[in-house]
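Text of the file query_20.txt, holding compact mmCIF, C-alpha atoms:
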# COMPACT_ATOMS: atom_id res chain seq x y z
CA MET A 280 -24.24 302.89 196.82
CA SER A 281 -26.57 300.13 197.92
CA THR A 282 -27.39 297.38 195.43
CA ARG A 283 -30.86 297.09 196.93
CA THR A 284 -33.60 299.61 196.33
CA ALA A 285 -36.68 300.45 198.35
CA ALA A 286 -40.15 299.43 197.16
CA PRO A 287 -40.98 302.78 195.43
CA GLU A 288 -37.68 302.59 193.57
CA ASN A 289 -38.41 299.01 192.54
CA ARG A 290 -41.66 300.27 191.10
CA VAL A 291 -39.73 302.78 188.96
CA LEU A 292 -37.53 300.01 187.56
CA ALA A 293 -40.58 297.81 186.99
CA LYS A 294 -42.21 300.66 185.09
CA VAL A 295 -39.10 301.07 182.95
CA ALA A 296 -38.95 297.32 182.35
CA TRP A 297 -42.57 297.10 181.21
CA ARG A 298 -42.05 300.08 178.90
CA VAL A 299 -38.85 299.02 177.14
CA MET A 300 -38.18 295.29 177.62
CA PRO A 301 -41.06 293.71 175.65
CA PHE A 302 -40.35 295.97 172.70
CA LEU A 303 -36.59 295.37 172.77
CA ALA A 304 -37.18 291.61 173.04
CA LEU A 305 -39.49 291.80 170.01
CA LEU A 306 -36.78 293.60 168.03
CA TYR A 307 -34.19 291.00 168.97
CA PHE A 308 -36.61 288.19 168.17
CA VAL A 309 -36.86 289.50 164.61
CA ASN A 310 -33.12 290.22 164.47
CA TYR A 311 -32.01 286.78 165.59
CA LEU A 312 -34.52 285.02 163.33
CA ASP A 313 -33.27 286.90 160.26
CA ARG A 314 -29.71 286.05 161.28
CA VAL A 315 -30.13 282.26 161.62
CA ASN A 316 -33.11 281.36 159.41
CA ILE A 317 -30.60 280.25 156.79
CA GLY A 318 -30.17 277.25 159.11
CA PHE A 319 -33.73 276.17 158.23
CA ALA A 320 -33.40 277.05 154.55
CA GLY A 321 -30.27 274.91 154.06
CA PRO A 322 -31.58 271.39 154.71
CA ASN A 323 -35.03 272.24 153.35
CA GLY A 324 -34.23 272.93 149.72
CA MET A 325 -31.69 275.76 149.56
CA ASN A 326 -28.55 273.61 149.65
CA LYS A 327 -29.90 271.34 146.95
CA GLU A 328 -31.26 274.14 144.74
CA LEU A 329 -28.06 276.20 144.94
CA GLY A 330 -25.69 273.21 144.98
CA LEU A 331 -24.13 273.93 148.39
CA SER A 332 -21.91 271.44 150.24
CA SER A 333 -21.82 271.48 154.06
CA THR A 334 -18.63 273.56 153.90
CA ALA A 335 -20.16 276.05 151.45
CA PHE A 336 -23.33 276.27 153.54
CA GLY A 337 -21.25 276.91 156.66
CA PHE A 338 -19.26 279.62 154.85
CA ALA A 339 -22.42 281.36 153.60
CA SER A 340 -23.94 281.18 157.09
CA GLY A 341 -20.83 282.53 158.80
CA ILE A 342 -19.76 285.25 156.35
CA PHE A 343 -22.48 287.38 157.94
CA PHE A 344 -20.24 287.85 160.98
CA LEU A 345 -17.26 289.15 159.05
CA GLY A 346 -19.41 292.01 157.77
CA TYR A 347 -20.77 292.39 161.29
CA LEU A 348 -17.22 292.69 162.69
CA ILE A 349 -16.15 295.57 160.48
CA LEU A 350 -18.62 298.22 161.64
CA GLU A 351 -19.49 297.08 165.18
CA VAL A 352 -17.43 299.59 167.17
CA PRO A 353 -18.11 302.70 165.03
CA SER A 354 -21.81 301.81 164.95
CA ASN A 355 -22.03 301.64 168.74
CA LEU A 356 -20.15 304.91 169.14
CA ALA A 357 -22.65 306.47 166.71
CA LEU A 358 -25.53 305.15 168.79
CA HIS A 359 -23.98 306.64 171.94
CA ARG A 360 -23.67 309.98 170.17
CA PHE A 361 -26.89 310.21 168.15
CA GLY A 362 -29.29 308.20 170.33
CA ALA A 363 -30.75 304.70 170.19
CA ARG A 364 -34.05 305.70 168.62
CA ARG A 365 -32.60 307.02 165.37
CA TRP A 366 -29.68 304.64 165.08
CA LEU A 367 -31.58 301.42 165.75
CA ALA A 368 -34.26 302.45 163.26
CA ARG A 369 -31.55 303.02 160.63
CA ILE A 370 -30.05 299.60 161.31
CA MET A 371 -33.41 297.86 161.08
CA ILE A 372 -34.55 299.33 157.79
CA THR A 373 -31.31 298.35 156.03
CA TRP A 374 -31.18 294.82 157.44
CA GLY A 375 -34.88 294.28 156.64
CA ILE A 376 -34.33 295.17 152.99
CA LEU A 377 -31.35 292.81 152.64
CA ALA A 378 -33.09 289.97 154.52
CA THR A 379 -35.99 290.19 152.09
CA VAL A 380 -33.75 290.28 149.01
CA LEU A 381 -32.32 286.89 150.08
CA ALA A 382 -35.56 285.38 148.76
CA PHE A 383 -34.36 286.04 145.21
CA VAL A 384 -30.74 284.83 145.47
CA PRO A 385 -29.80 283.08 142.18
CA ASN A 386 -26.50 281.36 143.04
CA PRO A 387 -23.99 280.66 145.85
CA THR A 388 -21.86 283.74 145.09
CA THR A 389 -24.79 286.11 145.45
CA LEU A 390 -25.84 284.32 148.63
CA VAL A 391 -22.40 284.92 150.16
CA ILE A 392 -22.41 288.61 149.12
CA LEU A 393 -25.89 289.22 150.55
CA ARG A 394 -25.09 287.46 153.81
CA PHE A 395 -21.95 289.60 154.17
CA LEU A 396 -23.95 292.80 153.52
CA LEU A 397 -26.61 291.66 155.98
CA GLY A 398 -23.89 291.52 158.63
CA VAL A 399 -22.73 295.02 157.71
CA ALA A 400 -26.32 296.27 158.00
CA GLU A 401 -26.93 294.65 161.41
CA ALA A 402 -23.62 295.82 162.93
CA GLY A 403 -24.19 297.65 166.18
CA PHE A 404 -27.70 296.36 166.87
CA PHE A 405 -26.97 293.89 169.69
CA PRO A 406 -24.20 295.84 171.50
CA GLY A 407 -26.31 298.95 171.00
CA ILE A 408 -29.14 297.35 172.98
CA ILE A 409 -26.72 296.18 175.69
CA LEU A 410 -25.39 299.75 175.94
CA TYR A 411 -28.93 301.13 175.92
CA LEU A 412 -29.84 298.98 178.93
CA THR A 413 -26.98 300.57 180.91
CA TYR A 414 -28.77 303.91 180.41
CA TRP A 415 -31.88 302.59 182.19
CA PHE A 416 -30.94 299.88 184.72
CA PRO A 417 -28.50 300.06 187.67
CA ALA A 418 -25.85 297.35 187.84
CA ALA A 419 -27.69 295.36 190.53
CA GLN A 420 -30.61 294.78 188.14
CA ARG A 421 -28.71 294.67 184.86
CA ALA A 422 -28.19 290.92 184.40
CA ARG A 423 -31.90 290.35 184.91
CA ALA A 424 -32.72 293.05 182.35
CA VAL A 425 -30.27 291.55 179.85
CA ALA A 426 -31.81 288.12 180.47
CA LEU A 427 -35.31 289.41 179.72
CA PHE A 428 -33.98 290.95 176.51
CA MET A 429 -31.92 287.93 175.50
CA ALA A 430 -34.77 285.53 176.20
CA ALA A 431 -35.65 286.52 172.64
CA ILE A 432 -32.84 284.19 171.47
CA PRO A 433 -34.32 280.93 172.72
CA ILE A 434 -37.85 282.17 172.06
CA SER A 435 -36.85 283.11 168.52
CA SER A 436 -35.22 279.72 168.07
CA ALA A 437 -38.27 277.95 169.51
CA ILE A 438 -41.11 279.89 167.87
CA GLY A 439 -38.99 280.81 164.87
CA SER A 440 -38.18 277.19 164.11
CA THR A 441 -41.87 276.35 163.98
CA VAL A 442 -42.80 279.47 161.99
CA SER A 443 -39.93 278.95 159.55
CA SER A 444 -40.88 275.31 159.10
CA LEU A 445 -44.52 276.23 158.41
CA LEU A 446 -43.50 278.90 155.88
CA ILE A 447 -41.20 276.45 154.10
CA ALA A 448 -43.76 273.65 154.17
CA HIS A 449 -46.71 275.71 152.94
CA GLY A 450 -45.09 278.62 151.09
CA GLY A 451 -43.78 276.68 148.11
CA GLY A 452 -45.35 277.98 144.90
CA ILE A 453 -46.57 281.29 146.34
CA PHE A 454 -45.36 284.07 144.02
CA GLY A 455 -43.58 281.26 142.14
CA LEU A 456 -41.05 280.88 144.95
CA SER A 457 -39.63 277.79 146.62
CA GLY A 458 -40.64 277.29 150.25
CA TRP A 459 -37.29 278.46 151.62
CA ARG A 460 -37.39 281.56 149.41
CA PHE A 461 -40.89 282.40 150.63
CA MET A 462 -39.62 282.11 154.22
CA PHE A 463 -36.85 284.68 153.56
CA LEU A 464 -39.38 287.01 151.92
CA VAL A 465 -41.87 286.92 154.78
CA GLU A 466 -39.37 287.02 157.64
CA GLY A 467 -37.53 290.07 156.31
CA ILE A 468 -40.60 292.33 156.28
CA PRO A 469 -41.13 292.77 160.08
CA ALA A 470 -37.74 294.48 160.51
CA MET A 471 -38.70 297.19 158.04
CA LEU A 472 -42.08 297.76 159.69
CA LEU A 473 -40.61 297.83 163.21
CA ALA A 474 -38.01 300.39 162.14
CA PHE A 475 -40.77 303.00 161.92
CA VAL A 476 -42.24 301.96 165.27
CA THR A 477 -38.78 302.23 166.86
CA TRP A 478 -38.38 305.80 165.63
CA PHE A 479 -41.53 306.92 167.46
CA TYR A 480 -41.64 304.54 170.45
CA LEU A 481 -38.16 304.34 171.98
CA THR A 482 -36.90 306.98 174.42
CA ASP A 483 -33.17 307.68 174.23
CA ARG A 484 -32.47 308.48 177.90
CA PRO A 485 -34.34 308.76 181.23
CA GLU A 486 -34.10 312.55 180.93
CA LYS A 487 -36.53 312.39 178.00
CA ALA A 488 -38.94 309.86 179.50
CA ARG A 489 -42.24 311.77 179.72
CA TRP A 490 -43.92 308.49 180.66
CA LEU A 491 -42.14 308.70 184.04
CA THR A 492 -43.21 311.21 186.68
CA GLU A 493 -40.77 313.97 187.62
CA ASP A 494 -39.87 312.23 190.89
CA GLU A 495 -39.33 308.91 189.09
CA ARG A 496 -37.10 310.54 186.48
CA ASN A 497 -35.07 312.37 189.11
CA TRP A 498 -34.49 309.22 191.16
CA LEU A 499 -33.42 307.16 188.13
CA ILE A 500 -31.13 309.88 186.73
CA THR A 501 -29.51 310.42 190.14
CA GLU A 502 -29.02 306.68 190.73
CA LEU A 503 -27.46 306.02 187.33
CA ASP A 504 -25.25 309.14 187.39
CA ALA A 505 -23.92 308.26 190.84
CA GLU A 506 -23.17 304.71 189.69
CA ARG A 507 -21.43 305.93 186.54
CA ARG A 508 -19.25 308.37 188.48
CA ALA A 509 -18.34 305.68 191.01
CA THR A 510 -17.37 303.25 188.23
CA GLU A 511 -15.25 305.85 186.42
CA ALA A 512 -13.54 306.93 189.66
CA GLU A 513 -12.79 303.35 190.72
CA HIS A 514 -11.52 301.88 187.46
CA HIS A 515 -10.30 304.81 185.28
CA TRP A 516 -11.10 303.21 181.87
CA PRO A 517 -11.10 305.75 179.00
CA LEU A 518 -12.12 304.73 175.47
CA ARG A 519 -8.59 304.01 174.28
CA LYS A 520 -7.95 301.63 177.15
CA ALA A 521 -11.32 299.92 176.59
CA LEU A 522 -10.28 299.20 172.98
CA THR A 523 -6.78 297.90 173.71
CA HIS A 524 -6.61 296.30 177.16
CA PRO A 525 -5.88 292.53 177.42
CA ARG A 526 -8.84 292.11 179.77
CA ILE A 527 -11.22 293.21 177.02
CA LEU A 528 -9.62 290.69 174.63
CA ALA A 529 -9.98 287.96 177.25
CA LEU A 530 -13.65 288.81 177.74
CA ALA A 531 -14.05 288.71 173.96
CA PHE A 532 -12.69 285.15 174.02
CA VAL A 533 -15.17 284.14 176.73
CA TYR A 534 -17.99 285.57 174.63
CA PHE A 535 -16.53 283.86 171.55
CA ALA A 536 -16.81 280.52 173.39
CA ILE A 537 -20.43 281.12 174.48
CA ALA A 538 -21.45 282.31 171.03
CA TYR A 539 -19.61 279.39 169.40
CA GLY A 540 -22.00 277.04 171.15
CA LEU A 541 -24.97 279.25 170.36
CA TYR A 542 -24.32 279.50 166.63
CA ALA A 543 -23.20 275.91 166.20
CA LEU A 544 -26.60 274.90 167.60
CA GLY A 545 -28.49 277.62 165.75
CA PHE A 546 -27.13 276.78 162.30
CA PHE A 547 -26.71 273.01 162.57
CA LEU A 548 -29.34 271.74 165.03
CA PRO A 549 -31.93 271.51 162.23
CA THR A 550 -29.39 269.50 160.22
CA ILE A 551 -28.61 267.29 163.24
CA ILE A 552 -32.32 266.61 163.76
CA ALA A 553 -32.75 265.87 160.06
CA GLY A 554 -29.91 263.34 160.45
CA PHE A 555 -31.86 261.38 163.06
CA GLY A 556 -33.34 259.43 160.16
CA SER A 557 -30.02 257.95 159.12
CA GLU A 558 -28.62 257.75 162.67
CA PHE A 559 -31.63 256.26 164.46
CA GLY A 560 -34.23 255.50 161.79
CA THR A 561 -36.45 258.32 163.06
CA LYS A 562 -38.41 260.06 160.31
CA LEU A 563 -39.84 263.51 160.95
CA THR A 564 -41.80 265.91 158.76
CA VAL A 565 -40.53 269.48 158.30
CA ILE A 566 -43.03 270.75 160.88
CA GLN A 567 -42.20 267.97 163.36
CA SER A 568 -38.51 268.79 162.99
CA GLY A 569 -39.26 272.44 163.77
CA LEU A 570 -41.14 271.49 166.92
CA VAL A 571 -38.32 269.20 168.08
CA ASN A 572 -35.82 271.99 167.36
CA ALA A 573 -37.84 274.27 169.66
CA VAL A 574 -37.58 272.08 172.78
CA PRO A 575 -34.00 272.96 173.89
CA TYR A 576 -34.65 276.66 173.49
CA VAL A 577 -37.93 276.73 175.41
CA ILE A 578 -36.19 275.15 178.39
CA GLY A 579 -33.18 277.42 177.87
CA ALA A 580 -35.37 280.55 177.98
CA VAL A 581 -36.86 279.61 181.35
CA VAL A 582 -33.50 278.73 182.91
CA MET A 583 -31.90 281.91 181.49
CA VAL A 584 -34.25 284.25 183.36
CA PHE A 585 -34.09 282.41 186.68
CA TRP A 586 -30.29 282.00 186.55
CA ALA A 587 -29.76 285.71 185.85
CA ARG A 588 -32.15 286.62 188.65
CA HIS A 589 -30.18 284.39 191.01
CA GLY A 590 -26.93 286.09 189.92
CA ASP A 591 -28.39 289.54 190.63
CA ARG A 592 -29.72 288.45 194.01
CA THR A 593 -26.43 286.90 195.15
CA ASP A 594 -24.25 289.51 193.41
CA GLU A 595 -22.06 286.66 192.12
CA ARG A 596 -20.94 286.82 188.50
CA LYS A 597 -18.00 284.65 187.45
CA TRP A 598 -19.49 281.27 188.46
CA HIS A 599 -22.83 282.29 186.95
CA VAL A 600 -20.95 282.57 183.66
CA ALA A 601 -18.50 279.69 183.97
CA LEU A 602 -20.67 276.94 185.48
CA PRO A 603 -23.29 276.80 182.70
CA MET A 604 -20.49 277.00 180.12
CA LEU A 605 -18.79 273.98 181.66
CA LEU A 606 -22.09 272.09 181.78
CA GLY A 607 -22.93 272.85 178.15
CA GLY A 608 -19.40 272.20 176.93
CA ILE A 609 -19.32 268.75 178.49
CA ALA A 610 -22.83 267.84 177.30
CA ILE A 611 -22.71 268.73 173.62
CA PRO A 612 -19.92 266.42 172.33
CA ILE A 613 -21.64 263.30 173.65
CA ALA A 614 -25.00 264.15 172.05
CA LEU A 615 -24.48 262.02 168.95
CA TYR A 616 -22.81 259.14 170.78
CA LEU A 617 -26.02 258.27 172.55
CA GLY A 618 -28.12 255.32 171.49
CA ASN A 619 -31.43 256.99 170.68
CA PRO A 620 -32.78 260.38 169.60
CA TYR A 621 -34.34 261.12 172.98
CA ALA A 622 -31.04 260.81 174.84
CA ALA A 623 -29.32 262.87 172.15
CA MET A 624 -31.90 265.63 172.54
CA VAL A 625 -31.38 265.63 176.32
CA ALA A 626 -27.67 266.30 175.78
CA VAL A 627 -28.40 269.00 173.19
CA THR A 628 -30.91 270.59 175.56
CA ILE A 629 -28.33 270.69 178.38
CA CYS A 630 -25.94 272.47 176.02
CA ALA A 631 -28.64 274.97 175.00
CA VAL A 632 -29.43 275.61 178.68
CA GLY A 633 -25.74 276.21 179.39
CA VAL A 634 -25.38 278.69 176.54
CA CYS A 635 -28.58 280.56 177.41
CA ALA A 636 -27.78 280.75 181.14
CA ALA A 637 -24.27 282.11 180.58
CA LEU A 638 -25.22 284.88 178.14
CA PRO A 639 -27.01 287.53 180.26
CA THR A 640 -24.66 287.37 183.25
CA PHE A 641 -21.68 287.64 180.91
CA TRP A 642 -22.88 291.07 179.76
CA ALA A 643 -22.97 292.24 183.37
CA LEU A 644 -19.17 291.77 183.51
CA PRO A 645 -17.93 294.62 181.25
CA SER A 646 -20.39 297.11 182.77
CA ASN A 647 -18.76 296.42 186.15
CA PHE A 648 -15.81 298.57 185.11
CA LEU A 649 -16.80 300.40 181.88
CA ALA A 650 -18.99 303.49 181.64
CA GLY A 651 -19.92 306.16 179.12
CA THR A 652 -17.98 306.18 175.85
CA ALA A 653 -15.64 303.48 177.13
CA ALA A 654 -18.68 301.22 177.64
CA ALA A 655 -19.90 301.97 174.11
CA GLY A 656 -16.56 301.06 172.55
CA GLY A 657 -15.63 298.19 174.88
CA ILE A 658 -18.98 296.41 174.67
CA ALA A 659 -18.97 296.74 170.88
CA LEU A 660 -15.41 295.41 170.62
CA ILE A 661 -16.19 292.41 172.85
CA ASN A 662 -19.29 291.65 170.81
CA SER A 663 -17.58 292.05 167.45
CA LEU A 664 -14.56 289.90 168.31
CA GLY A 665 -16.71 287.35 170.10
CA ASN A 666 -19.03 287.10 167.12
CA ILE A 667 -16.18 285.87 164.95
CA SER A 668 -17.49 282.59 166.32
CA GLY A 669 -20.56 283.20 164.20
CA PHE A 670 -18.29 282.70 161.20
CA ALA A 671 -16.06 280.03 162.74
CA ALA A 672 -18.77 277.81 164.24
CA PRO A 673 -20.82 277.06 161.10
CA TYR A 674 -17.79 277.01 158.80
CA VAL A 675 -15.64 274.73 160.98
CA THR A 676 -18.59 272.49 161.83
CA GLY A 677 -19.55 272.16 158.17
CA TRP A 678 -15.94 271.59 157.06
CA LEU A 679 -15.43 268.88 159.68
CA ARG A 680 -18.66 267.20 158.61
CA ASP A 681 -17.49 267.13 154.99
CA LEU A 682 -14.06 265.91 156.10
CA THR A 683 -15.21 263.15 158.47
CA GLY A 684 -18.74 262.39 157.26
CA THR A 685 -20.17 262.97 160.76
CA GLN A 686 -21.23 265.82 163.06
CA ARG A 687 -19.32 264.37 166.00
CA THR A 688 -15.91 266.00 165.45
CA GLY A 689 -17.46 269.43 165.06
CA LEU A 690 -19.39 269.02 168.29
CA TRP A 691 -16.21 268.06 170.15
CA VAL A 692 -14.73 271.37 169.00
CA VAL A 693 -17.83 273.18 170.30
CA GLY A 694 -17.46 271.52 173.70
CA ALA A 695 -13.73 272.19 173.97
CA CYS A 696 -14.23 275.86 173.10
CA MET A 697 -16.93 276.33 175.74
CA VAL A 698 -14.86 274.64 178.45
CA ALA A 699 -11.83 276.80 177.58
CA GLY A 700 -13.97 279.94 177.76
CA ALA A 701 -15.28 278.91 181.18
CA LEU A 702 -11.75 278.54 182.51
CA VAL A 703 -10.81 282.00 181.22
CA ALA A 704 -13.92 283.48 182.88
CA LEU A 705 -12.90 281.97 186.20
CA ALA A 706 -9.35 283.29 185.82
CA LEU A 707 -10.57 286.83 185.08
CA GLY A 708 -13.05 287.11 187.92
CA ALA A 709 -15.94 289.54 188.03
CA LYS A 710 -13.95 292.77 187.58
CA PRO A 711 -10.39 294.14 187.73
CA ARG A 712 -8.77 294.63 191.08
CA VAL A 713 -8.38 298.22 192.14
CA SER A 714 -5.01 299.50 193.26
CA THR A 715 -3.10 302.75 193.43
CA ALA A 716 -1.60 301.89 190.03
CA PRO A 717 -4.62 300.77 188.00
CA ASP A 718 -2.90 300.55 184.65
CA ARG A 719 -0.45 297.95 186.00
CA SER A 720 -3.00 295.89 187.90
CA ASP A 721 -6.25 296.01 185.92
CA SER A 722 -5.35 292.92 183.94
CA ARG A 723 -5.07 290.73 187.03
CA ALA A 724 -7.91 288.51 188.06
CA GLY A 725 -10.32 289.77 190.69
CA GLU A 726 -13.22 288.49 192.65

As structure tokens, the full file:
Amino acid sequence: MSTRTAAPENRVLAKVAWRVMPFLALLYFVNYLDRVNIGFAGPNGMNKELGLSSTAFGFASGIFFLGYLILEVPSNLALHRFGARRWLARIMITWGILATVLAFVPNPTTLVILRFLLGVAEAGFFPGIILYLTYWFPAAQRARAVALFMAAIPISSAIGSTVSSLLIAHGGGIFGLSGWRFMFLVEGIPAMLLAFVTWFYLTDRPEKARWLTEDERNWLITELDAERRATEAEHHWPLRKALTHPRILALAFVYFAIAYGLYALGFFLPTIIAGFGSEFGTKLTVIQSGLVNAVPYVIGAVVMVFWARHGDRTDERKWHVALPMLLGGIAIPIALYLGNPYAAMVAVTICAVGVCAALPTFWALPSNFLAGTAAAGGIALINSLGNISGFAAPYVTGWLRDLTGTQRTGLWVVGACMVAGALVALALGAKPRVSTAPDRSDSRAGE
């Protein structure tokens, strides 16, 4: 099957993209903001009010991902069975309620419990979207589609940092709440509202897309079915194999390394920027800190889309994952060894660009050899194991800061993890080699 489509077929994919991608990106914008806004609450009153050390703050930030881990695979299998429209709406209403309740947390123990339950509620959302995109986009366009969706991460971090800072700065006293509490209250509401929109707006599969003409539906269904059959015939990956094979575990480690950099930045960049005062004598207001925090992610969003597009055009995958990981992993440890805040922000920005550029092409790798139920389970398992970094990154970084009195050691760990993940990605290659005995050879590296 050709990886290039004729102009009319490109118009079908463009029509699909305009229908689903802006809405999915909006959902992920809200999702990611609710996941990491604790990073803005911590240094802006929450840690002091609740009496949290850096280690305790890191634990409360990361416990989310342990809850997330537990239900990731069954949630994605449920989405595959019951449809994205219903299942994503269910996820969103429950996470929105819990995100809002965080505004009223009275002590550290309750904070940890609510963050854990928030992870349980959100389980299946991200891998569900990745799976959903395989229902609508052929492999040759998939990295670009994932990039457009995942651009919500840097956009959320950029816009969200400013919005969160404004809510904290100006929300204190409203309803008798502290600024950080008011931020939690306001930012949890959109998920609940969008749950109802999701129920009526999303279309589960191309077969049900009345907004496509009959010819457009038939072409898309035929293209995706032919691709799925070819993938299943070439690689022979049933669900059980997708949940147990060493290649899946290796991909989970690569994703762990990318996400380690992402969450280390997401949870601790506001704290790093706040530390510029003691490190360099630079004093910033809450709003100024939010704007500075946005810079790496704005640049990362632009690079993410163009890098994924280049990967689709050249049909090269492993270097499009590994190269930005290597770049980001080398850049981040030196950020706080530089002599002024501008140089430090350049290094942080390079790391953010590396993380953002690696993410969308990475998710094109498992769909190279997984399809159907195996894709639902395998993608969810990779995401759930990889997102253990969401617990490890803030906890280890916070613990090392308490232990050493500086952010530097934690950032060295971030860099080492990203470099190690890049090397594993290169060793794996883009997909398993095919042989007459696939079960004995699938684990070997391939081009």

Once you count only C-alpha atoms, which residues end up no further than 12 Å from (-44.4, 277.9, 166.5) in the file's frame, shown as a PDB file with C-alpha atoms, in the coordinates of the input?
ATOM      1  CA  ILE A 434     -37.850 282.170 172.060  1.00  0.00           C
ATOM      2  CA  SER A 435     -36.850 283.110 168.520  1.00  0.00           C
ATOM      3  CA  SER A 436     -35.220 279.720 168.070  1.00  0.00           C
ATOM      4  CA  ALA A 437     -38.270 277.950 169.510  1.00  0.00           C
ATOM      5  CA  ILE A 438     -41.110 279.890 167.870  1.00  0.00           C
ATOM      6  CA  GLY A 439     -38.990 280.810 164.870  1.00  0.00           C
ATOM      7  CA  SER A 440     -38.180 277.190 164.110  1.00  0.00           C
ATOM      8  CA  THR A 441     -41.870 276.350 163.980  1.00  0.00           C
ATOM      9  CA  VAL A 442     -42.800 279.470 161.990  1.00  0.00           C
ATOM     10  CA  SER A 443     -39.930 278.950 159.550  1.00  0.00           C
ATOM     11  CA  SER A 444     -40.880 275.310 159.100  1.00  0.00           C
ATOM     12  CA  LEU A 445     -44.520 276.230 158.410  1.00  0.00           C
ATOM     13  CA  LEU A 446     -43.500 278.900 155.880  1.00  0.00           C
ATOM     14  CA  ILE A 566     -43.030 270.750 160.880  1.00  0.00           C
ATOM     15  CA  GLN A 567     -42.200 267.970 163.360  1.00  0.00           C
ATOM     16  CA  SER A 568     -38.510 268.790 162.990  1.00  0.00           C
ATOM     17  CA  GLY A 569     -39.260 272.440 163.770  1.00  0.00           C
ATOM     18  CA  LEU A 570     -41.140 271.490 166.920  1.00  0.00           C
ATOM     19  CA  VAL A 571     -38.320 269.200 168.080  1.00  0.00           C
ATOM     20  CA  ASN A 572     -35.820 271.990 167.360  1.00  0.00           C
ATOM     21  CA  ALA A 573     -37.840 274.270 169.660  1.00  0.00           C
ATOM     22  CA  VAL A 574     -37.580 272.080 172.780  1.00  0.00           C
ATOM     23  CA  VAL A 577     -37.930 276.730 175.410  1.00  0.00           C
TER      24      VAL A 577
END

*Counting only C-alpha atoms, which of A:Gln420, A:Thr640, A:Thr492, A:Thr683 gets nearest to Ser333 in chain A?*
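Distance minimum relative to Ser333 in chain A lands on A:Thr683.
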
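Near Thr334 in chain A, within 9 Å and counting all atoms listed in the file, sit Leu331, Ser332, Phe336, Gly337, Phe338, Ala339, Pro673, Tyr674, Val675, Thr676, Gly677, Trp678, Leu679, Arg680 and Asp681 of chain A; same-chain residues fewer than 2 positions away were not included.
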
*Might you pull out every residue within 10 Å of Gly450 in chain A, with all atoms listed in the file counted and same-chain residues fewer than 4 positions away left off, and present them as a VMD selection string?*
chain A and resid 443 to 446 454 to 462 465

Residue selection dump (C-alpha atoms) as a PDB file, keeping the file's coordinate frame:
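Generated output (result_39.pdb):
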ATOM      1  CA  SER A 443     -39.930 278.950 159.550  1.00  0.00           C
ATOM      2  CA  SER A 444     -40.880 275.310 159.100  1.00  0.00           C
ATOM      3  CA  LEU A 445     -44.520 276.230 158.410  1.00  0.00           C
ATOM      4  CA  LEU A 446     -43.500 278.900 155.880  1.00  0.00           C
ATOM      5  CA  PHE A 454     -45.360 284.070 144.020  1.00  0.00           C
ATOM      6  CA  GLY A 455     -43.580 281.260 142.140  1.00  0.00           C
ATOM      7  CA  LEU A 456     -41.050 280.880 144.950  1.00  0.00           C
ATOM      8  CA  SER A 457     -39.630 277.790 146.620  1.00  0.00           C
ATOM      9  CA  GLY A 458     -40.640 277.290 150.250  1.00  0.00           C
ATOM     10  CA  TRP A 459     -37.290 278.460 151.620  1.00  0.00           C
ATOM     11  CA  ARG A 460     -37.390 281.560 149.410  1.00  0.00           C
ATOM     12  CA  PHE A 461     -40.890 282.400 150.630  1.00  0.00           C
ATOM     13  CA  MET A 462     -39.620 282.110 154.220  1.00  0.00           C
ATOM     14  CA  VAL A 465     -41.870 286.920 154.780  1.00  0.00           C
TER      15      VAL A 465
END

*May I have the residues at most 12 Å from (-30.7, 269.4, 177.8) in the file's coordinates, counting all atoms listed in the file, as an MDAnalysis selection string?*
chainID A and resid 572:579 582 603 606:611 613:614 621:635

_Calculated over only C-alpha atoms, which of the candidates A:Asn310, A:Asn355, A:Asn289, A:Asn326 has the smallest distance to Ser663 in chain A?_
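Among the listed residues, the smallest separation from Ser663 in chain A belongs to A:Asn355.
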
*asked:* Report as a ChimeraX atom specification all protein, DNA and RNA residues lying within 9 Å of Leu345 in chain A, evaluated on all atoms listed in the file, omitting residues in the same chain fewer than 6 positions from it.
replied: /A:395,398-399,663,666-667,669-670

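The residue that comes closest to Leu644 in chain A, out of A:Ala543, A:Val533, A:Val693, A:Met583 and on the basis of only C-alpha atoms, is A:Val533.
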
*Report the distance between CA of Ala304 in chain A and CA of Ala424 in chain A in Å, rounded to one decimal place.*
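Atom-to-atom, CA of Ala304 in chain A to CA of Ala424 in chain A, that is 10.4 Å.
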
*If you measure from CA of Arg314 in chain A to CA of Leu367 in chain A, what distance in Å do you get, rounded to one decimal?*
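We find that CA of Arg314 in chain A and CA of Leu367 in chain A lie 16.1 Å from each other.
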
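Between CA of Arg519 in chain A and CA of Met371 in chain A there is a distance of 28.8 Å.
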
Using only C-alpha atoms, find each residue of range 443-522 of chain A with at least one atom at most 6 Å away from an atom of range 377-390 of chain A; report its shortest atom-to-atom pair and that distance in Å (one decimal), sort the rows by chain and rising residue number, and return the result as CSV.
residue,atom,partner,partner_atom,distance
A:Arg460,CA,A:Ala382,CA,4.3
A:Phe463,CA,A:Ala382,CA,5.0
A:Leu464,CA,A:Thr379,CA,4.7
A:Gly467,CA,A:Thr379,CA,4.5

*Excluding Ala701 in chain A and residues on its chain fewer than 5 positions from it, collect all residues at most 7 Å away from it, counting only C-alpha atoms, and give them as a list in words.*
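The residues satisfying every condition are Val533, Ala601, Met604 and Leu605 of chain A.
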